[in-house]
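See below for the structure under consideration.
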2 protein chains.
Amino acid sequence: MFKLHPVLEKDTVAVASLALSRVLLMNDARFPWLILVPQREGMREIHKLSRADQTQLMTEAMRASEILEALFAPDKINIGALGNLVEQLHVHVIARFTTDAAWPGPVWGYGTAEPYAPDELERVRSRLVEDFG
Amino acid sequence: MFKLHPVLEKDTVAVASLALSRVLLMNDARFPWLILVPQREGMREIHKLSRADQTQLMTEAMRASEILEALFAPDKINIGALGNLVEQLHVHVIARFTTDAAWPGPVWGYGTAEPYAPDELERVRSRLVEDFG
């Protein structure tokens, strides 16, 4: 059975469950940052997914990109599948700004997460829930 | 007409031209590192590609992942589309090792590229040309 990795569980809040992926919001107010986790047990690499799941993952990552773009009007979307630290397959979709702390570098490994204030986290999360709904 | 960005031109050698993407090998001996550039003029974001092109890009990125895996037996494949510095849409597919210089961090922005020796570059390139052929 699929179970979310405890590190992803700890660092994020749940936004939606799509046909393939669970959508999570990183609790890091520095960057609007979604994580898609394909609900397939023991998966580490996108190329090990079935062809149908790969296409669905692309569709869902594009939906996440479009929602972030509409909501935050970023300068750039960054997408990445690394998994060097957390082995469970997950895809990052991040709204980047030329004014953000890590620009133009990648966000991964940059500084330390700054959790949202509780009411701000709930505001962003509920807006995302609505958009994915 | 599609024209490769001069920075990508400078930092890589050509490997293949697939249905959608040009495949390039980064001239950086620290990491086996491919770059896929969809041959669509003025494109910056994957979500702006047509749905058919998105699916094709996924297919081609998976082929790149499988070729790197078969050739280098890495511990992890990293995939990323950033474009914060080079605006032309391009997708990185990188073979990572727990023993490589940047592990477990991302390769982007890490240190300075170390060009291959000319004969080593040609050896790796021609092997990749064969595999994509």
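Ordering of the structure tokens sets the chain letters (A, B, ...), residue numbers begin anew at 1 in every chain, and ligands are numbered from 1 in the order given.
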(message) Show me, as number ranges by chain, every residue of chain A with an atom at most 7 Å from chain B, counting only C-alpha atoms.
(response) A: 47, 55, 62, 65, 76, 78-82, 84-85, 104-106, 108-109
(request) Show which residues sit within 12 Å of B:Glu9, as a ChimeraX atom specification. Count only C-alpha atoms, and ignore same-chain residues fewer than 3 positions away. (result) /B:3-6,12-15,22-27,35,37,86,88
(request) Report as a ChimeraX atom specification: the residues of stretch 48-97 of chain B with a DSSP assignment of strand (DSSP E), based on the backbone of this structure. (result) /B:76-81,91-96
Could you dump the residues just selected with all heavy atoms as a compact mmCIF listing (two decimals), in the first residue's frame?
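Generated file (selection33.txt):
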```txt
# COMPACT_ATOMS: atom_id res chain seq x y z
N LYS B 76 21.19 7.40 -8.97
CA LYS B 76 19.94 8.17 -9.07
C LYS B 76 19.98 8.97 -10.37
O LYS B 76 21.05 9.45 -10.78
CB LYS B 76 19.82 9.14 -7.87
CG LYS B 76 18.48 9.82 -7.71
CD LYS B 76 17.39 8.87 -7.25
CE LYS B 76 15.98 9.49 -7.36
NZ LYS B 76 15.55 9.69 -8.74
N ILE B 77 18.82 9.12 -10.98
CA ILE B 77 18.68 10.07 -12.09
C ILE B 77 18.07 11.35 -11.52
O ILE B 77 17.11 11.29 -10.74
CB ILE B 77 17.78 9.50 -13.20
CG1 ILE B 77 18.41 8.26 -13.87
CG2 ILE B 77 17.45 10.57 -14.24
CD1 ILE B 77 19.64 8.54 -14.71
N ASN B 78 18.63 12.48 -11.87
CA ASN B 78 18.02 13.78 -11.52
C ASN B 78 17.51 14.42 -12.80
O ASN B 78 18.22 14.46 -13.81
CB ASN B 78 19.04 14.73 -10.89
CG ASN B 78 19.40 14.41 -9.44
OD1 ASN B 78 20.18 15.12 -8.81
ND2 ASN B 78 18.82 13.35 -8.88
N ILE B 79 16.28 14.93 -12.74
CA ILE B 79 15.69 15.61 -13.89
C ILE B 79 15.27 17.00 -13.44
O ILE B 79 14.71 17.16 -12.35
CB ILE B 79 14.46 14.84 -14.42
CG1 ILE B 79 14.89 13.45 -14.90
CG2 ILE B 79 13.78 15.60 -15.56
CD1 ILE B 79 13.77 12.62 -15.50
N GLY B 80 15.55 18.00 -14.25
CA GLY B 80 15.13 19.34 -13.86
C GLY B 80 14.94 20.25 -15.05
O GLY B 80 15.65 20.18 -16.05
N ALA B 81 13.94 21.11 -14.93
CA ALA B 81 13.73 22.19 -15.90
C ALA B 81 13.73 23.47 -15.09
O ALA B 81 12.77 23.74 -14.35
CB ALA B 81 12.42 22.01 -16.65
N VAL B 91 15.71 20.80 -20.65
CA VAL B 91 15.50 19.86 -19.56
C VAL B 91 16.80 19.11 -19.30
O VAL B 91 17.38 18.55 -20.23
CB VAL B 91 14.37 18.86 -19.91
CG1 VAL B 91 14.21 17.81 -18.81
CG2 VAL B 91 13.05 19.61 -20.13
N HIS B 92 17.23 19.13 -18.05
CA HIS B 92 18.43 18.42 -17.65
C HIS B 92 18.09 16.99 -17.24
O HIS B 92 17.13 16.78 -16.50
CB HIS B 92 19.06 19.10 -16.42
CG HIS B 92 19.38 20.55 -16.59
ND1 HIS B 92 20.60 20.99 -17.02
CD2 HIS B 92 18.63 21.67 -16.41
CE1 HIS B 92 20.59 22.32 -17.08
NE2 HIS B 92 19.41 22.76 -16.71
N VAL B 93 18.91 16.05 -17.68
CA VAL B 93 18.80 14.66 -17.23
C VAL B 93 20.21 14.23 -16.84
O VAL B 93 21.11 14.19 -17.68
CB VAL B 93 18.23 13.73 -18.32
CG1 VAL B 93 18.05 12.32 -17.78
CG2 VAL B 93 16.90 14.27 -18.86
N ILE B 94 20.40 13.95 -15.56
CA ILE B 94 21.75 13.79 -15.02
C ILE B 94 21.88 12.47 -14.27
O ILE B 94 21.02 12.14 -13.45
CB ILE B 94 22.07 14.97 -14.06
CG1 ILE B 94 21.80 16.30 -14.74
CG2 ILE B 94 23.52 14.89 -13.58
CD1 ILE B 94 21.26 17.35 -13.81
N ALA B 95 22.95 11.76 -14.54
CA ALA B 95 23.26 10.54 -13.77
C ALA B 95 24.03 10.94 -12.52
O ALA B 95 25.09 11.55 -12.61
CB ALA B 95 24.08 9.58 -14.63
N ARG B 96 23.48 10.61 -11.36
CA ARG B 96 24.10 11.01 -10.09
C ARG B 96 24.62 9.78 -9.34
O ARG B 96 24.05 8.70 -9.41
CB ARG B 96 23.06 11.75 -9.21
CG ARG B 96 22.48 13.00 -9.83
CD ARG B 96 23.56 14.06 -10.06
NE ARG B 96 24.36 14.31 -8.88
CZ ARG B 96 24.03 15.15 -7.89
NH1 ARG B 96 22.90 15.86 -7.98
NH2 ARG B 96 24.80 15.32 -6.83
```
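For the pair atom CA of B:Lys10 and atom CA of B:Leu34, the separation is 14.1 Å.
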(message) Nearest residue to B:Leu8 out of B:Ile67, B:Leu121, B:Val129, B:Leu36, using only C-alpha atoms?
(response) B:Leu36
(message) To one decimal place in Å, what is the distance between atom CA of A:Arg123 and atom CA of A:Phe72?
(response)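 Rounded to one decimal, the two atoms are 13.4 Å apart.
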